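Student: See upload_10.csv below, with CSV, C-alpha atoms and all ligand atoms.
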chain,number,residue,atom,x,y,z
N,1,MET,CA,2.6,-111.2,53.4
N,2,PHE,CA,2.2,-110.0,50.0
N,3,SER,CA,-0.1,-112.1,47.9
N,4,ALA,CA,-0.8,-111.3,44.3
N,5,PRO,CA,-4.3,-110.4,43.6
N,6,LYS,CA,-6.2,-113.0,41.6
N,7,PHE,CA,-7.2,-112.1,38.1
N,8,GLU,CA,-10.7,-112.0,37.1
N,9,LYS,CA,-11.4,-114.0,33.9
N,10,SER,CA,-12.1,-111.0,31.9
N,11,GLU,CA,-8.9,-109.5,33.0
N,12,ALA,CA,-6.7,-112.5,32.3
N,13,LEU,CA,-3.9,-111.7,29.9
N,14,GLU,CA,-3.3,-114.0,27.0
N,15,PHE,CA,0.1,-114.0,25.5
N,16,LYS,CA,0.0,-115.0,21.9
N,17,SER,CA,2.6,-114.6,19.2
N,18,ILE,CA,1.3,-112.0,16.8
N,19,GLN,CA,1.7,-113.0,13.2
N,20,THR,CA,1.4,-110.4,10.6
N,21,ALA,CA,1.7,-111.0,6.9
N,22,ASN,CA,5.3,-109.7,7.1
N,23,ASN,CA,5.9,-111.5,10.3
N,24,LYS,CA,5.9,-115.1,9.3
N,25,SER,CA,8.0,-117.5,11.2
N,26,THR,CA,11.6,-116.9,10.3
N,27,LYS,CA,12.3,-120.5,10.5
N,28,SER,CA,10.6,-121.2,7.1
N,29,LEU,CA,12.4,-118.3,5.3
N,30,THR,CA,15.5,-118.6,3.0
N,31,LYS,CA,18.6,-116.7,3.8
N,32,SER,CA,18.1,-114.2,1.0
N,33,GLN,CA,14.5,-113.7,2.1
N,34,LYS,CA,15.7,-113.1,5.7
N,35,ARG,CA,18.3,-110.5,4.4
N,36,ARG,CA,15.6,-108.8,2.4
N,37,ASN,CA,13.3,-108.8,5.4
N,38,LYS,CA,16.0,-107.3,7.6
N,39,LYS,CA,16.6,-104.6,5.1
N,40,ARG,CA,13.0,-103.9,4.9
N,41,GLU,CA,12.7,-103.9,8.7
N,42,LYS,CA,15.6,-101.4,8.9
N,43,GLN,CA,13.9,-99.2,6.3
N,44,ASN,CA,10.7,-99.5,8.2
N,45,GLU,CA,12.5,-98.7,11.4
N,46,GLN,CA,13.7,-95.5,9.8
N,47,THR,CA,10.4,-94.5,8.4
N,48,LYS,CA,8.5,-95.9,11.4
N,49,GLU,CA,6.4,-93.2,13.1
N,50,THR,CA,8.1,-93.1,16.4
N,51,PRO,CA,6.9,-90.3,18.7
N,52,ALA,CA,10.2,-88.5,18.0
N,53,ASN,CA,9.8,-89.0,14.3
N,54,LYS,CA,6.2,-88.0,14.5
N,55,ILE,CA,7.2,-84.8,16.3
N,56,ASN,CA,10.0,-84.1,13.8
N,57,LYS,CA,7.7,-84.9,10.9
N,58,ASN,CA,5.0,-82.9,12.4
N,59,ASN,CA,7.3,-80.1,13.1
N,60,LYS,CA,8.7,-80.3,9.6
N,61,VAL,CA,5.2,-80.2,8.2
N,62,LYS,CA,4.2,-77.6,10.7
N,63,GLN,CA,7.3,-75.7,10.0
N,64,GLY,CA,6.7,-76.0,6.3
N,65,ARG,CA,3.2,-74.9,6.8
N,66,ILE,CA,4.4,-72.1,9.0
N,67,GLU,CA,7.2,-71.4,6.6
N,68,LYS,CA,4.8,-71.5,3.8
N,69,SER,CA,2.2,-69.4,5.6
N,70,LYS,CA,5.0,-67.3,6.9
N,71,ASN,CA,6.3,-66.9,3.5
N,72,ALA,CA,2.9,-66.4,2.1
N,73,LYS,CA,2.2,-63.8,4.8
N,74,LYS,CA,5.6,-62.3,4.3
N,75,GLY,CA,4.9,-62.2,0.6
N,76,LYS,CA,1.5,-60.7,1.1
N,77,ALA,CA,2.9,-58.3,3.7
N,78,GLN,CA,5.7,-57.4,1.3
N,79,GLN,CA,3.1,-57.0,-1.5
N,80,LEU,CA,1.0,-54.9,0.9
N,81,GLN,CA,4.0,-53.0,2.0
N,82,MET,CA,5.0,-52.4,-1.6
N,83,SER,CA,1.5,-51.3,-2.6
N,84,ALA,CA,1.3,-49.2,0.5
N,85,ALA,CA,4.6,-47.7,-0.3
N,86,LYS,CA,3.4,-47.2,-3.9
N,87,LEU,CA,0.2,-45.7,-2.7
N,88,LYS,CA,2.0,-43.6,-0.2
N,89,ALA,CA,4.4,-42.4,-2.9
N,90,ALA,CA,1.6,-41.7,-5.3
N,91,ALA,CA,-0.4,-39.9,-2.6
N,92,ALA,CA,2.7,-37.9,-1.7
N,93,GLN,CA,3.2,-37.0,-5.3
N,94,MET,CA,-0.4,-36.1,-5.7
N,95,LEU,CA,-0.3,-34.2,-2.5
N,96,ASN,CA,2.8,-32.5,-3.5
N,97,GLN,CA,1.4,-31.7,-6.9
N,98,THR,CA,-1.9,-30.7,-5.5
N,99,ASN,CA,-0.2,-28.7,-2.9
N,100,ASP,CA,2.0,-27.1,-5.4
N,101,ASP,CA,-0.8,-26.5,-7.8
N,102,GLU,CA,-3.1,-25.4,-5.1
N,103,LEU,CA,-0.5,-23.3,-3.5
N,104,GLU,CA,0.4,-21.8,-6.9
N,105,SER,CA,-3.2,-21.0,-7.6
N,106,MET,CA,-3.7,-19.9,-4.0
N,107,GLU,CA,-0.6,-17.8,-4.3
N,108,THR,CA,-1.7,-16.4,-7.6
N,109,GLU,CA,-5.1,-15.8,-6.2
N,110,SER,CA,-3.8,-14.3,-3.0
N,111,GLN,CA,-1.3,-12.2,-5.0
N,112,GLN,CA,-4.1,-10.9,-7.1
N,113,GLU,CA,-6.2,-10.3,-4.0
N,114,LYS,CA,-3.2,-8.6,-2.4
N,115,ASP,CA,-2.6,-6.5,-5.5
N,116,SER,CA,-6.2,-5.5,-5.7
N,117,VAL,CA,-6.4,-4.7,-1.9
N,118,ASN,CA,-3.1,-2.8,-2.2
N,119,SER,CA,-4.3,-0.8,-5.2
N,120,LYS,CA,-7.6,-0.1,-3.3
N,121,ILE,CA,-5.6,1.0,-0.2
N,122,ASN,CA,-3.3,3.0,-2.4
N,123,SER,CA,-6.1,4.8,-4.2
N,124,PHE,CA,-7.9,5.3,-0.9
N,125,ALA,CA,-4.7,6.6,0.7
N,126,ALA,CA,-4.1,8.9,-2.3
N,127,LYS,CA,-7.7,10.1,-2.1
N,128,LEU,CA,-7.3,10.6,1.6
N,129,LYS,CA,-4.1,12.4,1.1
N,130,GLU,CA,-5.7,14.6,-1.5
N,131,GLU,CA,-8.6,15.3,0.8
N,132,LEU,CA,-6.3,16.1,3.6
N,133,LYS,CA,-4.2,18.3,1.3
N,134,GLY,CA,-7.4,20.0,0.1
N,135,GLY,CA,-8.7,20.3,3.6
N,136,ARG,CA,-5.4,21.8,4.8
N,137,PHE,CA,-5.3,24.2,1.8
N,138,ARG,CA,-8.9,25.4,2.5
N,139,PHE,CA,-8.2,25.8,6.2
N,140,LEU,CA,-5.0,27.9,5.5
N,141,ASN,CA,-6.8,29.8,2.8
N,142,GLU,CA,-9.6,30.7,5.2
N,143,GLN,CA,-7.1,31.7,7.9
N,144,LEU,CA,-5.1,33.9,5.5
N,145,TYR,CA,-8.3,35.7,4.4
N,146,THR,CA,-9.7,36.2,7.9
N,147,MET,CA,-6.7,37.4,9.8
N,148,ASN,CA,-4.4,40.4,9.5
N,149,SER,CA,-1.0,40.1,7.8
N,150,GLN,CA,0.9,40.1,11.1
N,151,LYS,CA,-1.0,37.0,12.2
N,152,ALA,CA,-0.6,35.4,8.8
N,153,ASP,CA,3.2,36.1,9.0
N,154,GLU,CA,3.2,34.3,12.4
N,155,LEU,CA,1.2,31.4,11.1
N,156,PHE,CA,3.8,30.7,8.4
N,157,LYS,CA,6.6,31.2,10.8
N,158,GLN,CA,5.2,28.6,13.2
N,159,ASP,CA,4.1,26.1,10.7
N,160,LYS,CA,7.0,25.6,8.3
N,161,ASP,CA,5.0,23.2,6.0
N,162,ALA,CA,2.1,25.6,5.7
N,163,PHE,CA,3.5,27.5,2.7
N,164,GLU,CA,4.1,24.4,0.6
N,165,ALA,CA,0.8,22.9,1.7
N,166,TYR,CA,-1.0,26.1,0.8
N,167,HIS,CA,0.7,26.4,-2.6
N,168,ALA,CA,0.1,22.7,-3.4
N,169,GLY,CA,-3.6,23.4,-2.9
N,170,TYR,CA,-3.3,26.7,-4.8
N,171,ARG,CA,-1.7,25.0,-7.8
N,172,HIS,CA,-4.5,22.5,-7.8
N,173,GLN,CA,-7.0,25.4,-7.7
N,174,VAL,CA,-5.3,27.3,-10.5
N,175,ALA,CA,-5.5,24.2,-12.8
N,176,LYS,CA,-9.3,24.3,-12.4
N,177,TRP,CA,-9.8,27.8,-13.4
N,178,PRO,CA,-10.6,28.7,-17.0
N,179,ILE,CA,-7.5,31.0,-17.1
N,180,ASN,CA,-4.5,31.7,-14.9
N,181,PRO,CA,-4.9,35.4,-14.0
N,182,LEU,CA,-1.1,35.6,-13.6
N,183,GLN,CA,-0.6,34.8,-17.3
N,184,ARG,CA,-3.0,37.6,-18.3
N,185,ILE,CA,-1.1,40.1,-16.1
N,186,ALA,CA,2.2,38.9,-17.5
N,187,LYS,CA,0.9,39.4,-21.0
N,188,MET,CA,0.0,43.0,-20.1
N,189,LEU,CA,3.4,43.6,-18.5
N,190,ARG,CA,5.3,42.4,-21.5
N,191,ARG,CA,4.0,45.3,-23.4
N,192,LEU,CA,5.7,47.7,-21.0
N,193,PRO,CA,9.2,49.0,-21.4
N,194,ARG,CA,11.8,46.5,-20.2
N,195,SER,CA,13.5,49.2,-18.1
N,196,LEU,CA,10.6,49.3,-15.7
N,197,GLU,CA,11.0,47.8,-12.3
N,198,ILE,CA,8.2,45.7,-11.0
N,199,GLY,CA,7.2,44.6,-7.6
N,200,ASP,CA,5.3,41.3,-7.3
N,201,PHE,CA,3.4,41.5,-4.0
N,202,GLY,CA,2.4,38.2,-2.6
N,203,CYS,CA,4.4,36.4,-5.4
N,204,GLY,CA,3.8,32.9,-4.0
N,205,GLU,CA,6.2,30.6,-5.8
N,206,GLY,CA,7.6,33.6,-7.7
N,207,LYS,CA,6.4,32.6,-11.2
N,208,LEU,CA,5.9,36.1,-12.5
N,209,SER,CA,9.6,36.9,-12.5
N,210,GLN,CA,10.1,33.9,-14.7
N,211,MET,CA,7.5,35.0,-17.2
N,212,ILE,CA,8.6,38.5,-18.0
N,213,PRO,CA,11.9,40.1,-18.9
N,214,HIS,CA,11.7,42.9,-16.4
N,215,LYS,CA,13.5,43.4,-13.1
N,216,VAL,CA,11.0,41.9,-10.6
N,217,TYR,CA,11.1,42.3,-6.9
N,218,ALA,CA,9.3,39.2,-5.7
N,219,LEU,CA,7.9,39.4,-2.2
N,220,ASP,CA,6.0,37.0,0.0
N,221,LEU,CA,5.5,36.1,3.7
N,222,VAL,CA,7.7,33.0,2.9
N,223,ALA,CA,10.6,33.0,0.5
N,224,CYS,CA,10.6,29.7,-1.3
N,225,ARG,CA,13.6,30.8,-3.5
N,226,PRO,CA,16.6,32.9,-2.7
N,227,ASP,CA,15.5,35.6,-5.1
N,228,ILE,CA,12.3,36.1,-3.2
N,229,MET,CA,12.1,38.6,-0.3
N,230,ALA,CA,10.3,37.3,2.8
N,231,CYS,CA,8.3,40.1,4.2
N,232,ASP,CA,4.8,41.3,5.0
N,233,MET,CA,3.7,43.4,2.1
N,234,ALA,CA,2.3,45.9,4.6
N,235,ASN,CA,5.9,46.7,5.5
N,236,THR,CA,8.4,45.9,2.8
N,237,PRO,CA,12.2,46.6,2.7
N,238,LEU,CA,11.7,48.4,-0.7
N,239,SER,CA,12.7,52.1,-0.9
N,240,THR,CA,10.2,54.8,-1.2
N,241,GLN,CA,9.2,55.4,-4.8
N,242,GLN,CA,11.5,52.7,-6.0
N,243,LEU,CA,9.0,50.9,-8.3
N,244,ASP,CA,7.4,51.6,-11.6
N,245,VAL,CA,4.8,48.9,-11.4
N,246,ALA,CA,3.1,47.0,-8.5
N,247,VAL,CA,1.3,43.7,-9.1
N,248,TYR,CA,-1.2,42.0,-6.7
N,249,CYS,CA,-2.4,38.8,-8.3
N,250,LEU,CA,-4.9,37.1,-5.9
N,251,SER,CA,-2.8,38.3,-3.0
N,252,LEU,CA,-4.9,40.9,-1.4
N,253,MET,CA,-5.6,38.6,1.5
N,254,GLY,CA,-5.9,39.5,5.1
N,255,THR,CA,-8.1,42.0,6.9
N,256,ASN,CA,-5.7,45.0,6.7
N,257,LEU,CA,-6.1,45.7,3.1
N,258,THR,CA,-5.5,49.5,3.5
N,259,ASP,CA,-2.1,48.8,5.0
N,260,TYR,CA,-1.0,47.1,1.8
N,261,LEU,CA,-2.3,50.0,-0.3
N,262,LEU,CA,-0.6,52.6,1.7
N,263,GLU,CA,2.7,50.7,1.5
N,264,CYS,CA,2.1,50.4,-2.3
N,265,ASN,CA,1.7,54.2,-2.4
N,266,ARG,CA,5.0,54.6,-0.6
N,267,VAL,CA,7.2,52.4,-2.8
N,268,LEU,CA,5.6,53.3,-6.1
N,269,LYS,CA,6.7,56.3,-8.2
N,270,ILE,CA,4.1,58.9,-9.1
N,271,ASN,CA,2.4,57.6,-12.3
N,272,GLY,CA,3.5,54.2,-11.4
N,273,LEU,CA,1.0,51.5,-12.3
N,274,VAL,CA,-0.9,49.0,-10.1
N,275,TYR,CA,-2.2,45.7,-11.6
N,276,ILE,CA,-4.7,43.9,-9.5
N,277,ALA,CA,-6.4,40.5,-10.2
N,278,GLU,CA,-9.0,39.1,-7.8
N,279,ILE,CA,-11.7,36.6,-7.6
N,280,GLN,CA,-15.1,38.2,-8.6
N,281,SER,CA,-16.9,36.8,-5.7
N,282,ARG,CA,-14.8,38.7,-3.3
N,283,PHE,CA,-16.3,42.0,-4.4
N,284,GLU,CA,-19.5,42.9,-2.7
N,285,ASP,CA,-18.9,46.6,-3.5
N,286,VAL,CA,-16.7,47.3,-6.4
N,287,ARG,CA,-17.3,51.1,-6.1
N,288,GLY,CA,-16.3,50.9,-2.4
N,289,PHE,CA,-13.1,49.2,-3.5
N,290,ILE,CA,-12.3,51.8,-6.1
N,291,LYS,CA,-13.0,54.6,-3.6
N,292,THR,CA,-10.6,53.0,-1.1
N,293,MET,CA,-8.0,52.9,-3.9
N,294,GLU,CA,-8.6,56.6,-4.5
N,295,ALA,CA,-8.2,57.4,-0.8
N,296,CYS,CA,-4.8,55.6,-1.0
N,297,GLY,CA,-3.6,57.9,-3.8
N,298,PHE,CA,-4.6,55.8,-6.9
N,299,GLU,CA,-6.8,56.5,-9.9
N,300,LEU,CA,-8.6,53.9,-11.9
N,301,VAL,CA,-7.1,53.4,-15.4
N,302,LYS,CA,-9.3,50.5,-16.4
N,303,LYS,CA,-11.2,47.6,-15.1
N,304,ASP,CA,-12.0,44.3,-16.8
N,305,MET,CA,-15.0,42.6,-15.3
N,306,ASP,CA,-15.9,40.4,-18.2
N,307,VAL,CA,-13.5,37.6,-17.6
N,308,LYS,CA,-14.9,34.5,-16.0
N,309,VAL,CA,-14.2,34.2,-12.3
N,310,PHE,CA,-11.8,37.2,-12.1
N,311,TYR,CA,-11.8,41.0,-12.0
N,312,PHE,CA,-8.8,42.8,-13.4
N,313,PHE,CA,-8.0,46.4,-12.4
N,314,GLN,CA,-5.4,48.9,-13.5
N,315,PHE,CA,-4.7,51.9,-11.3
N,316,LYS,CA,-2.2,54.7,-11.5
N,317,LYS,CA,-0.5,56.4,-8.5
N,318,VAL,CA,-1.5,60.1,-8.7
N,319,ARG,CA,-0.2,61.3,-5.4
N,320,ASN,CA,1.8,60.5,-2.3
N,321,VAL,CA,-0.4,59.7,0.7
N,322,GLY,CA,2.0,58.8,3.4
N,323,LYS,CA,1.7,55.7,5.6
N,324,VAL,CA,0.0,57.4,8.5
N,325,ALA,CA,-3.0,58.6,6.4
N,326,LYS,CA,-6.3,57.8,8.1
N,327,ILE,CA,-8.2,55.6,5.6
N,328,PRO,CA,-11.5,54.0,6.5
N,329,ASN,CA,-10.9,50.3,6.7
N,330,PHE,CA,-12.1,48.3,3.7
N,331,THR,CA,-12.1,44.6,3.3
N,332,LEU,CA,-12.8,42.2,0.4
N,333,LYS,CA,-14.8,39.1,1.2
N,334,PRO,CA,-12.7,36.1,1.9
N,335,CYS,CA,-12.4,33.6,-1.0
N,336,LEU,CA,-13.5,30.3,0.4
N,337,TYR,CA,-12.8,27.4,-2.0
N,338,ARG,CA,-15.2,24.6,-2.1
N,339,LYS,CA,-14.3,21.0,-1.3
N,340,ARG,CA,-12.7,19.3,-4.3
U,401,LIG,N1,0.6,36.0,-6.9
U,401,LIG,C1,0.9,34.6,-6.9
U,401,LIG,C2,0.5,33.8,-5.6
U,401,LIG,C3,-1.0,34.0,-5.2
U,401,LIG,S1,-1.4,33.2,-3.7
U,401,LIG,C4,0.3,33.9,-8.1
U,401,LIG,O1,-0.5,34.5,-8.7
U,401,LIG,O2,0.8,32.8,-8.5
U,401,LIG,C5,-1.3,34.5,-2.6
U,401,LIG,C6,0.0,34.8,-2.0
U,401,LIG,O3,0.0,35.9,-1.3
U,401,LIG,C7,0.5,33.7,-1.0
U,401,LIG,O4,1.7,33.2,-1.4
U,401,LIG,C8,0.6,34.4,0.3
U,401,LIG,O5,1.6,34.0,1.1
U,401,LIG,C9,0.8,35.8,-0.2
U,401,LIG,N2,0.4,36.8,0.9
U,401,LIG,C10,-0.7,37.0,1.5
U,401,LIG,N3,-0.6,38.0,2.4
U,401,LIG,C11,0.6,38.5,2.3
U,401,LIG,C12,1.3,39.5,3.0
U,401,LIG,N4,0.7,40.2,3.9
U,401,LIG,N5,2.5,39.8,2.6
U,401,LIG,C13,3.2,39.0,1.7
U,401,LIG,N6,2.6,38.0,1.0
U,401,LIG,C14,1.3,37.8,1.3
Please re-express this file's structure in structure tokens.
Ligand code: SAH

Tutor:
Amino acid sequence: MFSAPKFEKSEALEFKSIQTANNKSTKSLTKSQKRRNKKREKQNEQTKETPANKINKNNKVKQGRIEKSKNAKKGKAQQLQMSAAKLKAAAAQMLNQTNDDELESMETESQQEKDSVNSKINSFAAKLKEELKGGRFRFLNEQLYTMNSQKADELFKQDKDAFEAYHAGYRHQVAKWPINPLQRIAKMLRRLPRSLEIGDFGCGEGKLSQMIPHKVYALDLVACRPDIMACDMANTPLSTQQLDVAVYCLSLMGTNLTDYLLECNRVLKINGLVYIAEIQSRFEDVRGFIKTMEACGFELVKKDMDVKVFYFFQFKKVRNVGKVAKIPNFTLKPCLYRKR
């Protein structure tokens, strides 16, 4: 059987009607008071902090706070975002400007550097080119002075650029001399009758024919112009005793000098004149040279040894010698030009 447990005294519940100031006995109130009370109660009911209301209210407050903090945060974030964006934009602008400026200055600097490097390279290349040209000229020059004319002819035939290279160097050399010996010879030739026919042996670029009014047969191992005859001056296509004058301006190169002189004797008329200009330093033995000329049928007319750097000789053909004459070999020293 179920029996209700007995209450201890302290635990005994006491039911009392709770009377608050607002909760007076309704019996003693008037009707209008009752109505007012009811209204108040209703209002209280609505504003009463029920758990639901509390939650709602709390939420509202919370939401408000959240909203507020959210909004505040949002605002701050927006502000931050804005200032970040502004900063970013400013930085970008600065960066752009700096980059542009820097780039511009870098470009200018690098352009200047490039220009100076380029000009250095160019001047170095030009110098190198000049040195190579000079070197090539000196090499060719030495070859031409130390080999016989047949070999020299082969050299020019094998190396098509050699003639131009040689003459580029030669022009450079001529410009350094106090006088151009060809001009001096041309001056002497202009005094001669125009009817005379002149052979320019070893004419190079054929300048003499452009300097005088005479008929000039220009000959060289290489013909750089159509009016120049390409041949070895030891064996020319000229007729026997065809010429009145023979010119050798710095062209007595090669080791077979006597071959040139015998060919000269063949193509020159009796009393025909021979003009020779050579570098002084080539003559170890001027008397020996004159003797060789005599052996080849020529007589000395005059010599000019007072001009700086060069000797000038004028000979006259006095007899026919014939190409097969046995003449003791005579050579002039090679003219070796110094490095520029
Ligand atoms: N007489 C010219 C060129 C002098 S340079 C002047 O005064 O401007 C010397 C020239 O002689 C070169 O052109 C060279 O090719 C030429 N030469 C040297 N040996 C020769 C030879 N055996 N036959 C023809 N020309 C020769």

Student: Which chains and residue numbers are within 9 Å of ligand LIG 401 (chain U), counting all atoms listed in the file, if I want them as a PyMOL selection string?

Tutor: chain N and resi 144-145+148-150+152-153+156+163+166-167+170-171+174+180-183+200-208+219-222+230-236+247-254+256-257+260+277

Student: Nearest residue to Pro334 (chain N) out of N:Phe124, N:Phe312, N:Phe283, N:Phe289, using all atoms listed in the file?

Tutor: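 Residue with the minimum atom-to-atom distance to Pro334 (chain N): N:Phe283.
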
Student: Grab the CA of Asp259 (chain N) to CA of Asp159 (chain N) distance for me, in Å with one decimal place.

Tutor: 24.2 Å

Student: To one decimal place in Å, what is the distance between CA of Ile327 (chain N) and CA of Glu142 (chain N)?

Tutor: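 Between these atoms lies a distance of 24.9 Å.
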
Student: Suppose you want the space between CA of Leu243 (chain N) and CA of Leu268 (chain N); what is it in Å?

Tutor: 4.7 Å

Student: Name the residues in contact with Gly169 (chain N) at a cut-off of 10 Å, using only C-alpha atoms, excluding same-chain residues fewer than 2 positions from it; report them as number ranges by chain.

Tutor: N: 130, 133-138, 140-141, 163-167, 171-174

Student: Using all atoms listed in the file, which residue out of N:Arg282, N:Arg225, N:Arg319, N:Arg287 lies closest to Ile270 (chain N)?

Tutor: N:Arg319
